[in-house]
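**Student:** So that you have it, the file is protein01.csv, and it contains CSV, C-alpha atoms:
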```csv
chain,number,residue,atom,x,y,z
A,24,MET,CA,44.1,7.3,42.3
A,25,SER,CA,46.6,9.8,43.5
A,26,ALA,CA,46.6,13.6,42.8
A,27,GLN,CA,49.7,13.2,40.7
A,28,VAL,CA,48.0,10.5,38.6
A,29,LEU,CA,44.8,12.5,38.2
A,30,SER,CA,46.7,15.6,37.1
A,31,SER,CA,48.6,13.7,34.5
A,32,ALA,CA,45.9,11.3,33.4
A,33,GLU,CA,44.6,11.1,29.8
A,34,THR,CA,41.6,13.4,29.3
A,35,PHE,CA,38.5,13.0,27.2
A,36,ASP,CA,35.9,15.1,25.4
A,37,CYS,CA,32.6,13.8,26.7
A,38,ARG,CA,30.9,14.9,23.4
A,39,VAL,CA,32.7,12.0,21.7
A,40,ALA,CA,31.2,9.5,24.2
A,41,PHE,CA,27.9,11.1,23.7
A,42,ALA,CA,28.0,10.8,19.9
A,43,GLU,CA,29.3,7.2,19.9
A,44,THR,CA,26.5,6.2,22.3
A,45,LEU,CA,23.8,8.0,20.3
A,46,ILE,CA,24.9,6.1,17.1
A,47,GLU,CA,24.8,2.8,19.0
A,48,LEU,CA,21.3,3.5,20.3
A,49,ALA,CA,20.1,4.5,16.8
A,50,ARG,CA,21.3,1.2,15.4
A,51,GLU,CA,19.2,-0.5,18.1
A,52,ASP,CA,16.1,1.6,17.9
A,53,GLU,CA,14.8,3.3,14.8
A,54,ARG,CA,12.8,5.8,17.0
A,55,ILE,CA,16.0,7.6,17.9
A,56,VAL,CA,16.4,10.9,16.0
A,57,ALA,CA,18.6,13.9,16.4
A,58,VAL,CA,17.6,17.5,16.0
A,59,CYS,CA,20.1,20.4,15.9
A,60,ASN,CA,20.5,24.1,15.3
A,61,ASP,CA,23.1,24.2,12.6
A,62,SER,CA,25.5,22.5,15.0
A,63,VAL,CA,26.2,19.2,13.3
A,64,GLY,CA,29.9,19.7,13.8
A,65,SER,CA,30.0,21.2,17.3
A,66,SER,CA,27.4,18.7,18.6
A,67,ASN,CA,29.6,15.9,17.2
A,68,LEU,CA,26.7,14.6,15.0
A,69,VAL,CA,28.8,14.2,11.8
A,70,GLY,CA,29.0,10.4,12.2
A,71,PHE,CA,25.3,10.2,13.1
A,72,GLN,CA,24.3,12.2,10.0
A,73,LYS,CA,26.5,10.1,7.8
A,74,GLU,CA,24.9,6.8,9.0
A,75,PHE,CA,21.4,8.1,9.5
A,76,PRO,CA,20.9,11.0,7.1
A,77,ASP,CA,17.1,10.7,7.3
A,78,ARG,CA,17.1,10.8,11.1
A,79,LEU,CA,18.9,14.1,11.6
A,80,ILE,CA,16.8,17.3,11.4
A,81,ASN,CA,18.8,20.5,11.1
A,82,VAL,CA,16.5,23.4,11.7
A,83,GLY,CA,19.2,26.0,11.3
A,84,ILE,CA,19.9,28.8,13.8
A,85,ALA,CA,16.4,28.6,15.2
A,86,GLU,CA,16.5,27.2,18.8
A,87,GLN,CA,12.9,27.8,19.6
A,88,ASP,CA,11.8,25.9,16.5
A,89,MET,CA,14.3,23.2,17.4
A,90,VAL,CA,12.8,22.5,20.8
A,91,GLY,CA,9.3,22.7,19.4
A,92,VAL,CA,10.2,20.2,16.6
A,93,GLY,CA,11.7,17.9,19.3
A,94,ALA,CA,8.5,18.1,21.4
A,95,GLY,CA,6.4,17.2,18.3
A,96,LEU,CA,8.6,14.3,17.5
A,97,ALA,CA,8.4,13.0,21.1
A,98,LEU,CA,4.6,13.2,21.1
A,99,SER,CA,4.6,11.3,17.8
A,100,GLY,CA,6.4,8.3,19.3
A,101,TYR,CA,10.1,9.2,18.4
A,102,VAL,CA,12.9,9.6,20.9
A,103,PRO,CA,14.5,12.9,20.0
A,104,PHE,CA,17.9,14.1,21.2
A,105,VAL,CA,17.8,17.9,20.7
A,106,CYS,CA,21.3,19.1,20.5
A,107,GLY,CA,22.8,22.6,20.6
A,108,ALA,CA,25.4,24.7,22.3
A,109,SER,CA,24.1,25.0,25.9
A,110,PRO,CA,24.0,28.9,26.0
A,111,PHE,CA,21.7,29.0,23.0
A,112,LEU,CA,19.6,25.9,23.6
A,113,THR,CA,18.8,27.0,27.1
A,114,GLY,CA,18.8,30.8,26.7
A,115,ARG,CA,17.0,31.3,23.4
A,116,ALA,CA,14.5,28.5,23.9
A,117,LEU,CA,13.7,28.7,27.6
A,118,GLU,CA,10.0,29.3,27.0
A,119,GLN,CA,9.7,26.3,24.7
A,120,ILE,CA,11.7,24.1,27.2
A,121,LYS,CA,9.2,25.2,29.9
A,122,ALA,CA,5.9,24.9,27.9
A,123,ASP,CA,6.5,22.4,25.1
A,124,VAL,CA,8.8,20.0,27.0
A,125,ALA,CA,8.5,20.2,30.8
A,126,TYR,CA,4.8,21.4,31.2
A,127,SER,CA,3.7,19.1,28.4
A,128,GLN,CA,5.8,16.3,29.8
A,129,SER,CA,7.1,15.6,26.3
A,130,PRO,CA,9.9,12.9,26.6
A,131,VAL,CA,12.6,15.0,24.9
A,132,VAL,CA,16.3,14.7,25.7
A,133,LEU,CA,17.7,18.2,25.6
A,134,CYS,CA,21.5,18.0,25.1
A,135,GLY,CA,23.4,21.2,26.1
A,136,MET,CA,26.7,20.9,24.4
A,137,SER,CA,29.9,22.7,25.5
A,138,PRO,CA,28.4,24.1,28.7
A,139,GLY,CA,30.1,26.1,31.4
A,140,MET,CA,33.1,28.1,30.1
A,141,ALA,CA,34.2,25.6,27.5
A,142,TYR,CA,34.0,28.2,24.7
A,143,GLY,CA,36.6,30.3,26.4
A,144,GLU,CA,37.8,33.0,24.1
A,145,LEU,CA,34.3,33.5,22.5
A,146,GLY,CA,33.4,35.3,25.7
A,147,PRO,CA,30.4,36.0,27.9
A,148,THR,CA,27.8,35.5,25.1
A,149,HIS,CA,29.0,31.9,24.7
A,150,HIS,CA,29.6,31.0,28.3
A,151,SER,CA,26.8,28.8,29.7
A,152,ILE,CA,27.1,29.4,33.4
A,153,GLU,CA,23.4,30.3,34.0
A,154,ASP,CA,21.8,27.1,32.5
A,155,LEU,CA,21.7,25.1,35.7
A,156,SER,CA,20.1,28.0,37.6
A,157,TRP,CA,17.2,28.7,35.2
A,158,LEU,CA,16.5,25.1,34.3
A,159,ARG,CA,16.3,24.1,38.0
A,160,ALA,CA,13.4,26.6,38.3
A,161,ILE,CA,11.4,24.6,35.8
A,162,ALA,CA,9.2,21.8,37.3
A,163,GLY,CA,9.2,18.4,35.7
A,164,LEU,CA,12.6,18.6,34.1
A,165,GLY,CA,15.5,16.3,35.1
A,166,ILE,CA,19.0,17.7,34.9
A,167,VAL,CA,22.0,15.5,34.5
A,168,VAL,CA,25.7,16.6,34.4
A,169,PRO,CA,27.9,13.6,33.7
A,170,ALA,CA,31.4,13.7,35.2
A,171,ASP,CA,33.4,11.7,32.6
A,172,PRO,CA,33.0,9.6,29.4
A,173,ASN,CA,31.7,6.5,31.1
A,174,GLU,CA,29.0,8.3,33.0
A,175,THR,CA,28.1,10.2,29.8
A,176,ARG,CA,27.5,6.9,28.0
A,177,LEU,CA,25.4,5.6,30.8
A,178,ALA,CA,23.4,8.8,31.1
A,179,VAL,CA,22.7,8.9,27.4
A,180,ARG,CA,21.4,5.3,27.5
A,181,TRP,CA,19.3,6.0,30.5
A,182,ALA,CA,17.8,9.1,28.9
A,183,ALA,CA,16.8,7.3,25.8
A,184,SER,CA,14.6,4.9,27.7
A,185,ALA,CA,13.5,7.2,30.5
A,186,ALA,CA,10.4,8.5,28.7
A,187,THR,CA,10.7,11.8,30.7
A,188,PRO,CA,11.9,15.3,29.9
A,189,VAL,CA,15.6,15.6,30.7
A,190,PHE,CA,18.5,18.0,30.2
A,191,LEU,CA,21.9,16.5,29.6
A,192,ARG,CA,24.9,18.9,30.1
A,193,VAL,CA,27.5,17.4,27.9
A,194,GLY,CA,31.0,18.8,28.5
A,195,ARG,CA,33.5,19.8,26.0
A,196,PHE,CA,36.4,20.7,28.3
A,197,LYS,CA,38.4,17.5,28.6
A,198,VAL,CA,38.3,15.5,31.8
A,199,PRO,CA,40.0,12.3,33.1
A,200,ALA,CA,38.0,9.1,33.6
A,201,VAL,CA,37.0,9.0,37.3
A,202,THR,CA,33.8,7.0,37.7
A,203,GLY,CA,35.2,3.6,36.6
A,204,GLU,CA,32.6,0.9,36.2
A,205,ARG,CA,30.1,2.5,38.6
A,206,PRO,CA,26.5,2.5,37.3
A,207,PHE,CA,24.5,5.7,36.7
A,208,THR,CA,21.3,6.0,38.7
A,209,PHE,CA,19.2,9.0,38.0
A,210,GLY,CA,18.6,11.1,41.1
A,211,THR,CA,21.4,9.4,43.1
A,212,ALA,CA,24.8,10.9,44.0
A,213,THR,CA,27.9,8.6,43.9
A,214,ARG,CA,30.4,8.6,46.6
A,215,LEU,CA,33.8,8.5,44.8
A,216,ARG,CA,35.9,8.9,47.9
A,217,ASP,CA,35.1,8.5,51.6
A,218,GLY,CA,36.1,11.0,54.2
A,219,SER,CA,35.2,12.1,57.7
A,220,ASP,CA,36.2,15.8,58.1
A,221,VAL,CA,34.4,17.6,55.2
A,222,THR,CA,32.5,16.7,52.0
A,223,VAL,CA,33.0,18.2,48.6
A,224,VAL,CA,29.9,17.9,46.4
A,225,ALA,CA,31.0,18.4,42.8
A,226,THR,CA,29.4,18.0,39.4
A,227,GLY,CA,30.7,17.7,35.8
A,228,THR,CA,34.2,19.0,35.2
A,229,MET,CA,34.7,19.7,38.9
A,230,VAL,CA,34.5,16.1,40.0
A,231,SER,CA,38.0,15.1,38.9
A,232,ARG,CA,39.4,18.3,40.5
A,233,ALA,CA,37.6,17.5,43.7
A,234,LEU,CA,39.2,14.1,43.8
A,235,GLU,CA,42.6,15.6,43.2
A,236,ALA,CA,41.9,18.1,46.0
A,237,ALA,CA,40.9,15.3,48.4
A,238,GLU,CA,44.2,13.5,47.7
A,239,GLU,CA,46.2,16.7,48.4
A,240,ALA,CA,44.1,17.4,51.6
A,241,ALA,CA,44.9,13.9,52.9
A,242,GLU,CA,48.6,14.8,52.8
A,243,GLN,CA,47.8,17.6,55.2
A,244,GLY,CA,45.7,15.4,57.6
A,245,VAL,CA,42.2,16.4,56.4
A,246,SER,CA,39.9,13.6,55.3
A,247,VAL,CA,37.7,14.7,52.4
A,248,ARG,CA,34.6,12.8,51.1
A,249,VAL,CA,33.8,13.4,47.4
A,250,LEU,CA,30.3,13.1,46.1
A,251,ASN,CA,29.7,13.1,42.4
A,252,MET,CA,26.3,14.9,42.1
A,253,SER,CA,25.6,14.1,38.5
A,254,THR,CA,21.9,14.6,38.9
A,255,ILE,CA,21.1,18.2,39.8
A,256,ALA,CA,17.3,17.8,39.6
A,257,PRO,CA,16.0,15.9,41.5
A,258,LEU,CA,18.7,16.3,44.0
A,259,ASP,CA,19.9,13.5,46.2
A,260,GLU,CA,19.0,15.2,49.5
A,261,GLU,CA,19.7,12.1,51.6
A,262,ALA,CA,23.3,12.0,50.4
A,263,ILE,CA,23.7,15.6,51.5
A,264,ARG,CA,22.1,15.0,54.9
A,265,SER,CA,24.4,11.9,55.4
A,266,ALA,CA,27.4,14.1,54.6
A,267,MET,CA,26.3,16.7,57.0
A,268,ARG,CA,25.9,14.2,59.8
A,269,GLU,CA,29.0,12.2,59.1
A,270,THR,CA,31.5,14.9,58.0
A,271,GLY,CA,30.1,18.1,59.5
A,272,ALA,CA,30.9,20.5,56.6
A,273,ILE,CA,30.1,20.9,52.9
A,274,VAL,CA,31.9,22.5,50.0
A,275,THR,CA,30.2,22.6,46.6
A,276,ALA,CA,32.0,23.0,43.3
A,277,GLU,CA,30.5,23.7,39.9
A,278,GLU,CA,31.4,25.2,36.5
A,279,ALA,CA,28.4,27.5,36.7
A,280,THR,CA,26.9,30.4,38.7
A,281,THR,CA,26.2,29.6,42.3
A,282,THR,CA,23.0,31.7,42.1
A,283,GLY,CA,20.5,28.9,41.6
A,284,GLY,CA,22.9,26.2,40.6
A,285,LEU,CA,24.3,23.2,42.5
A,286,GLY,CA,25.5,25.3,45.4
A,287,ALA,CA,22.1,26.9,45.9
A,288,ALA,CA,20.4,23.6,45.7
A,289,VAL,CA,22.7,22.0,48.3
A,290,ALA,CA,22.4,25.1,50.5
A,291,ALA,CA,18.6,24.8,50.5
A,292,VAL,CA,19.0,21.4,52.0
A,293,VAL,CA,21.6,22.5,54.5
A,294,VAL,CA,19.8,25.5,55.9
A,295,THR,CA,16.4,23.8,56.2
A,296,SER,CA,17.9,20.9,58.2
A,297,ARG,CA,17.5,20.6,61.9
A,298,THR,CA,21.2,21.1,62.5
A,299,PRO,CA,22.8,23.1,59.6
A,300,VAL,CA,26.6,22.8,59.0
A,301,PRO,CA,29.2,25.2,57.7
A,302,MET,CA,29.3,25.5,53.9
A,303,ARG,CA,31.3,27.1,51.1
A,304,MET,CA,30.1,27.4,47.5
A,305,LEU,CA,32.7,27.5,44.7
A,306,GLY,CA,31.6,28.7,41.3
A,307,VAL,CA,30.8,31.9,39.5
A,308,HIS,CA,29.2,34.4,41.9
A,309,ARG,CA,26.6,36.3,39.9
A,310,GLU,CA,28.9,38.0,37.4
A,311,PHE,CA,29.6,37.6,33.7
A,312,ALA,CA,32.6,35.4,33.0
A,313,PRO,CA,35.2,37.3,31.0
A,314,THR,CA,36.9,36.3,27.8
A,315,GLY,CA,39.8,33.9,28.1
A,316,SER,CA,40.8,30.2,27.8
A,317,THR,CA,38.8,27.7,29.8
A,318,THR,CA,41.8,27.0,31.9
A,319,PHE,CA,42.3,30.7,32.7
A,320,LEU,CA,38.7,31.1,33.6
A,321,LEU,CA,38.6,28.2,35.9
A,322,GLU,CA,41.7,29.6,37.7
A,323,HIS,CA,40.1,33.1,37.7
A,324,PHE,CA,37.0,31.9,39.5
A,325,GLY,CA,38.9,29.7,42.0
A,326,LEU,CA,37.9,26.3,40.5
A,327,THR,CA,41.2,24.5,40.5
A,328,ALA,CA,42.0,21.5,42.6
A,329,ALA,CA,44.2,23.8,44.8
A,330,ASP,CA,41.2,26.1,45.4
A,331,ILE,CA,38.9,23.2,46.3
A,332,ARG,CA,41.6,21.8,48.6
A,333,GLN,CA,42.0,25.2,50.3
A,334,ALA,CA,38.3,25.6,50.8
A,335,ALA,CA,37.9,22.1,52.2
A,336,ILE,CA,40.8,22.3,54.6
A,337,GLY,CA,39.8,25.7,55.8
A,338,LEU,CA,36.2,24.7,56.5
A,339,ALA,CA,37.3,21.4,58.2
A,340,ARG,CA,39.7,23.2,60.5
A,341,GLU,CA,37.2,26.0,61.2
A,342,ASP,CA,34.6,23.4,62.2
A,343,ALA,CA,37.1,21.4,64.3
```
Show me, as structure tokens, the structure contained in the file I just sent.
**Tutor:**
Amino acid sequence: MSAQVLSSAETFDCRVAFAETLIELAREDERIVAVCNDSVGSSNLVGFQKEFPDRLINVGIAEQDMVGVGAGLALSGYVPFVCGASPFLTGRALEQIKADVAYSQSPVVLCGMSPGMAYGELGPTHHSIEDLSWLRAIAGLGIVVPADPNETRLAVRWAASAATPVFLRVGRFKVPAVTGERPFTFGTATRLRDGSDVTVVATGTMVSRALEAAEEAAEQGVSVRVLNMSTIAPLDEEAIRSAMRETGAIVTAEEATTTGGLGAAVAAVVVTSRTPVPMRMLGVHREFAPTGSTTFLLEHFGLTAADIRQAAIGLAREDA
């Protein structure tokens, strides 16, 4: 798929794929329930509520209670999908995520809706750029960031049957379909494009931009491998080590702070390897994201395809 095709491709709100799949699962399994924090609309649960009014629990604006209720349902044999805007689910209920879900190993599916800078003009209080960092610090919690609608559907189905605590980061910012018919395997990165000069490790909304960047870099004679790192925890360390050996340089791209997020996770693998390689981390570098449209914010923080291309080419030529 060329850069021109990617940039003009139809884009999708992954929350729609999430909601459709959740309804399908609920039809198949009466244990499936949804819990939300007065976010029926923003979590795209209107259709679920209409079809299963007795299986949606709206606790109101009480995120700590929401996670606690989800944990109780999980321990009672249900499969709860606990849904809320990611900044509030993860920020307000972090203790409950740690103690009630991860430490207790309650098989809750935590669904962080509209993460990253998807809320745009609502400003720093609504940007969820820290979620990957603080959730990565919690033991026993899987973290999954799907790249497109197909991967979202597969990840939701996997989470429903995984019987383990997991956080799904469900994007609102529209993205093109890039994973095709590839399966989703928890804990495993997917190589979407091969390359020999440098590897871009991307997650979520950055994956399509990384692919576009790789197409553009090829026109300048630089071969870029693209890894879709849809599982942040546990991290696919072998895919990173293979990229280090075979391409010699790493660029990470995430719609999140690099302080503890994907970049930090990959860097920990790189610097503890016998032969480290040059690396660049693209993301938000420990600052509050300002108010503005999502498109503006991604440009502001250097998270466009052009920025990824520039980082990849610069690193590849520096390493040559």
**Student:** Neighbouring residues of Glu322 of chain A were defined as those with any atom within 12 Å, considering all atoms listed in the file; residues of the same chain fewer than 2 positions away were excluded. Please report them as a PyMOL selection string.
**Tutor:** chain A and resi 140+232+278+305-307+312+315-320+324-331
**Student:** Could you check how far atom CA of Cys106 of chain A sits from atom CA of Ser151 of chain A, in Å to one decimal?
**Tutor:**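 So the answer is 14.5 Å.
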**Student:** Taking into account all atoms listed in the file, which residue in the set A:Glu118, A:Thr314, A:Glu261, A:Thr222 is nearest to Pro301 of chain A?
**Tutor:**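 For Pro301 of chain A, the nearest of the given residues is A:Thr222.
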**Student:** Have a look at A:Asp52, A:Glu43, A:Glu269, A:Asp154 and name the one nearest to Gly218 of chain A; count all atoms listed in the file.
**Tutor:** A:Glu269
**Student:** Counting all atoms listed in the file, find the residues whose atoms lie at most 7 Å from (35.4, 16.1, 43.3) (file coordinates) and write them out as a PyMOL selection string.
**Tutor:** chain A and resi 223-225+229-234+249-251
**Student:** With C-alpha atoms retained, export the selected residues as a PDB file, in the coordinates of the input.
**Tutor:**
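Output below, filename part_5.pdb:
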```pdb
ATOM      1  CA  VAL A 223      33.000  18.200  48.600  1.00  0.00           C
ATOM      2  CA  VAL A 224      29.900  17.900  46.400  1.00  0.00           C
ATOM      3  CA  ALA A 225      31.000  18.400  42.800  1.00  0.00           C
ATOM      4  CA  MET A 229      34.700  19.700  38.900  1.00  0.00           C
ATOM      5  CA  VAL A 230      34.500  16.100  40.000  1.00  0.00           C
ATOM      6  CA  SER A 231      38.000  15.100  38.900  1.00  0.00           C
ATOM      7  CA  ARG A 232      39.400  18.300  40.500  1.00  0.00           C
ATOM      8  CA  ALA A 233      37.600  17.500  43.700  1.00  0.00           C
ATOM      9  CA  LEU A 234      39.200  14.100  43.800  1.00  0.00           C
ATOM     10  CA  VAL A 249      33.800  13.400  47.400  1.00  0.00           C
ATOM     11  CA  LEU A 250      30.300  13.100  46.100  1.00  0.00           C
ATOM     12  CA  ASN A 251      29.700  13.100  42.400  1.00  0.00           C
TER      13      ASN A 251
END
```
**Student:** Using only C-alpha atoms, which of the listed residues (A:Gln243, A:Thr282, A:Thr213, A:Thr208) sits closest to Leu177 of chain A?
**Tutor:**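 Among the listed residues, the smallest separation from Leu177 of chain A belongs to A:Thr208.
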**Student:** I need every residue sitting at most 12 Å from the point (20.9, 22.3, 55.3) (coordinates as in the file, all atoms listed in the file considered), written as a list in words.
**Tutor:**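 Residues lying no farther than 12 Å from the given point: Glu260, Glu261, Ala262, Ile263, Arg264, Ser265, Ala266, Met267, Arg268, Gly271, Ala272, Ile273, Gly286, Ala287, Ala288, Val289, Ala290, Ala291, Val292, Val293, Val294, Thr295, Ser296, Arg297, Thr298, Pro299, Val300, Pro301 and Met302 of chain A.
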**Student:** Got time to write the residues from that selection, C-alpha atoms, as a PDB file, keeping the file's coordinate frame?
**Tutor:**
```pdb
ATOM      1  CA  GLU A 260      19.000  15.200  49.500  1.00  0.00           C
ATOM      2  CA  GLU A 261      19.700  12.100  51.600  1.00  0.00           C
ATOM      3  CA  ALA A 262      23.300  12.000  50.400  1.00  0.00           C
ATOM      4  CA  ILE A 263      23.700  15.600  51.500  1.00  0.00           C
ATOM      5  CA  ARG A 264      22.100  15.000  54.900  1.00  0.00           C
ATOM      6  CA  SER A 265      24.400  11.900  55.400  1.00  0.00           C
ATOM      7  CA  ALA A 266      27.400  14.100  54.600  1.00  0.00           C
ATOM      8  CA  MET A 267      26.300  16.700  57.000  1.00  0.00           C
ATOM      9  CA  ARG A 268      25.900  14.200  59.800  1.00  0.00           C
ATOM     10  CA  GLY A 271      30.100  18.100  59.500  1.00  0.00           C
ATOM     11  CA  ALA A 272      30.900  20.500  56.600  1.00  0.00           C
ATOM     12  CA  ILE A 273      30.100  20.900  52.900  1.00  0.00           C
ATOM     13  CA  GLY A 286      25.500  25.300  45.400  1.00  0.00           C
ATOM     14  CA  ALA A 287      22.100  26.900  45.900  1.00  0.00           C
ATOM     15  CA  ALA A 288      20.400  23.600  45.700  1.00  0.00           C
ATOM     16  CA  VAL A 289      22.700  22.000  48.300  1.00  0.00           C
ATOM     17  CA  ALA A 290      22.400  25.100  50.500  1.00  0.00           C
ATOM     18  CA  ALA A 291      18.600  24.800  50.500  1.00  0.00           C
ATOM     19  CA  VAL A 292      19.000  21.400  52.000  1.00  0.00           C
ATOM     20  CA  VAL A 293      21.600  22.500  54.500  1.00  0.00           C
ATOM     21  CA  VAL A 294      19.800  25.500  55.900  1.00  0.00           C
ATOM     22  CA  THR A 295      16.400  23.800  56.200  1.00  0.00           C
ATOM     23  CA  SER A 296      17.900  20.900  58.200  1.00  0.00           C
ATOM     24  CA  ARG A 297      17.500  20.600  61.900  1.00  0.00           C
ATOM     25  CA  THR A 298      21.200  21.100  62.500  1.00  0.00           C
ATOM     26  CA  PRO A 299      22.800  23.100  59.600  1.00  0.00           C
ATOM     27  CA  VAL A 300      26.600  22.800  59.000  1.00  0.00           C
ATOM     28  CA  PRO A 301      29.200  25.200  57.700  1.00  0.00           C
ATOM     29  CA  MET A 302      29.300  25.500  53.900  1.00  0.00           C
TER      30      MET A 302
END
```
**Student:** When distances are computed from only C-alpha atoms, which of A:Glu53, A:Ala236, A:Ala279, A:Val39 shows the smallest separation from Ala334 of chain A?
**Tutor:** A:Ala236
**Student:** If we count only C-alpha atoms, what is near Glu153 of chain A at a cut-off of 12 Å, once residues fewer than 5 positions away on the same chain are taken out, given as an NGL selection string?
**Tutor:** :A and (109-114 or 117 or 138-140 or 147-148 or 158-160 or 277-285 or 306-312)
**Student:** Expressed in Å to a single decimal, how great is the separation between atom CA of Gly210 of chain A and atom CA of Leu258 of chain A?
**Tutor:**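 Atom CA of Gly210 of chain A sits 6.0 Å away from atom CA of Leu258 of chain A.
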**Student:** Between atom CA of Ala57 of chain A and atom CA of Leu79 of chain A, what is the spacing in Å?
**Tutor:** 4.8 Å
**Student:** Missing atoms in segment 248-254 of chain A: fill them in up to all heavy atoms and send the result as an mmCIF file, in the frame of the given file.
**Tutor:**
```cif
data_model
loop_
_atom_site.group_PDB
_atom_site.id
_atom_site.type_symbol
_atom_site.label_atom_id
_atom_site.label_comp_id
_atom_site.auth_asym_id
_atom_site.auth_seq_id
_atom_site.Cartn_x
_atom_site.Cartn_y
_atom_site.Cartn_z
ATOM 1 N N ARG A 248 35.541 13.677 51.920
ATOM 2 C CA ARG A 248 34.600 12.800 51.100
ATOM 3 C C ARG A 248 34.293 13.566 49.841
ATOM 4 O O ARG A 248 34.156 14.796 49.821
ATOM 5 C CB ARG A 248 33.317 12.627 51.936
ATOM 6 C CG ARG A 248 32.243 11.834 51.186
ATOM 7 C CD ARG A 248 30.989 11.618 52.017
ATOM 8 N NE ARG A 248 31.297 10.878 53.245
ATOM 9 C CZ ARG A 248 30.383 10.492 54.128
ATOM 10 N NH1 ARG A 248 29.103 10.800 53.928
ATOM 11 N NH2 ARG A 248 30.739 9.828 55.211
ATOM 12 N N VAL A 249 34.177 12.820 48.740
ATOM 13 C CA VAL A 249 33.800 13.400 47.400
ATOM 14 C C VAL A 249 32.555 12.771 46.920
ATOM 15 O O VAL A 249 32.506 11.553 46.729
ATOM 16 C CB VAL A 249 34.966 13.264 46.419
ATOM 17 C CG1 VAL A 249 34.529 13.820 45.056
ATOM 18 C CG2 VAL A 249 36.219 13.985 46.893
ATOM 19 N N LEU A 250 31.540 13.594 46.703
ATOM 20 C CA LEU A 250 30.300 13.100 46.100
ATOM 21 C C LEU A 250 30.198 13.663 44.677
ATOM 22 O O LEU A 250 30.347 14.864 44.433
ATOM 23 C CB LEU A 250 29.083 13.650 46.892
ATOM 24 C CG LEU A 250 28.824 13.074 48.284
ATOM 25 C CD1 LEU A 250 27.556 13.692 48.861
ATOM 26 C CD2 LEU A 250 28.693 11.556 48.233
ATOM 27 N N ASN A 251 29.958 12.760 43.745
ATOM 28 C CA ASN A 251 29.700 13.100 42.400
ATOM 29 C C ASN A 251 28.174 13.347 42.249
ATOM 30 O O ASN A 251 27.400 12.394 42.195
ATOM 31 C CB ASN A 251 30.157 12.042 41.410
ATOM 32 C CG ASN A 251 29.661 12.263 39.985
ATOM 33 O OD1 ASN A 251 29.339 13.380 39.593
ATOM 34 N ND2 ASN A 251 29.590 11.189 39.212
ATOM 35 N N MET A 252 27.735 14.609 42.222
ATOM 36 C CA MET A 252 26.300 14.900 42.100
ATOM 37 C C MET A 252 25.966 15.099 40.647
ATOM 38 O O MET A 252 25.790 16.207 40.143
ATOM 39 C CB MET A 252 25.986 16.183 42.925
ATOM 40 C CG MET A 252 24.502 16.412 43.136
ATOM 41 S SD MET A 252 23.701 15.130 44.138
ATOM 42 C CE MET A 252 24.322 15.508 45.789
ATOM 43 N N SER A 253 25.864 13.982 39.950
ATOM 44 C CA SER A 253 25.600 14.100 38.500
ATOM 45 C C SER A 253 24.165 14.392 38.181
ATOM 46 O O SER A 253 23.876 14.853 37.076
ATOM 47 C CB SER A 253 26.000 12.734 37.832
ATOM 48 O OG SER A 253 25.342 11.645 38.440
ATOM 49 N N THR A 254 23.245 14.167 39.112
ATOM 50 C CA THR A 254 21.900 14.600 38.900
ATOM 51 C C THR A 254 21.640 15.849 39.774
ATOM 52 O O THR A 254 21.733 15.789 41.001
ATOM 53 C CB THR A 254 20.846 13.523 39.316
ATOM 54 O OG1 THR A 254 21.104 12.323 38.584
ATOM 55 C CG2 THR A 254 19.429 13.987 39.018
#
```
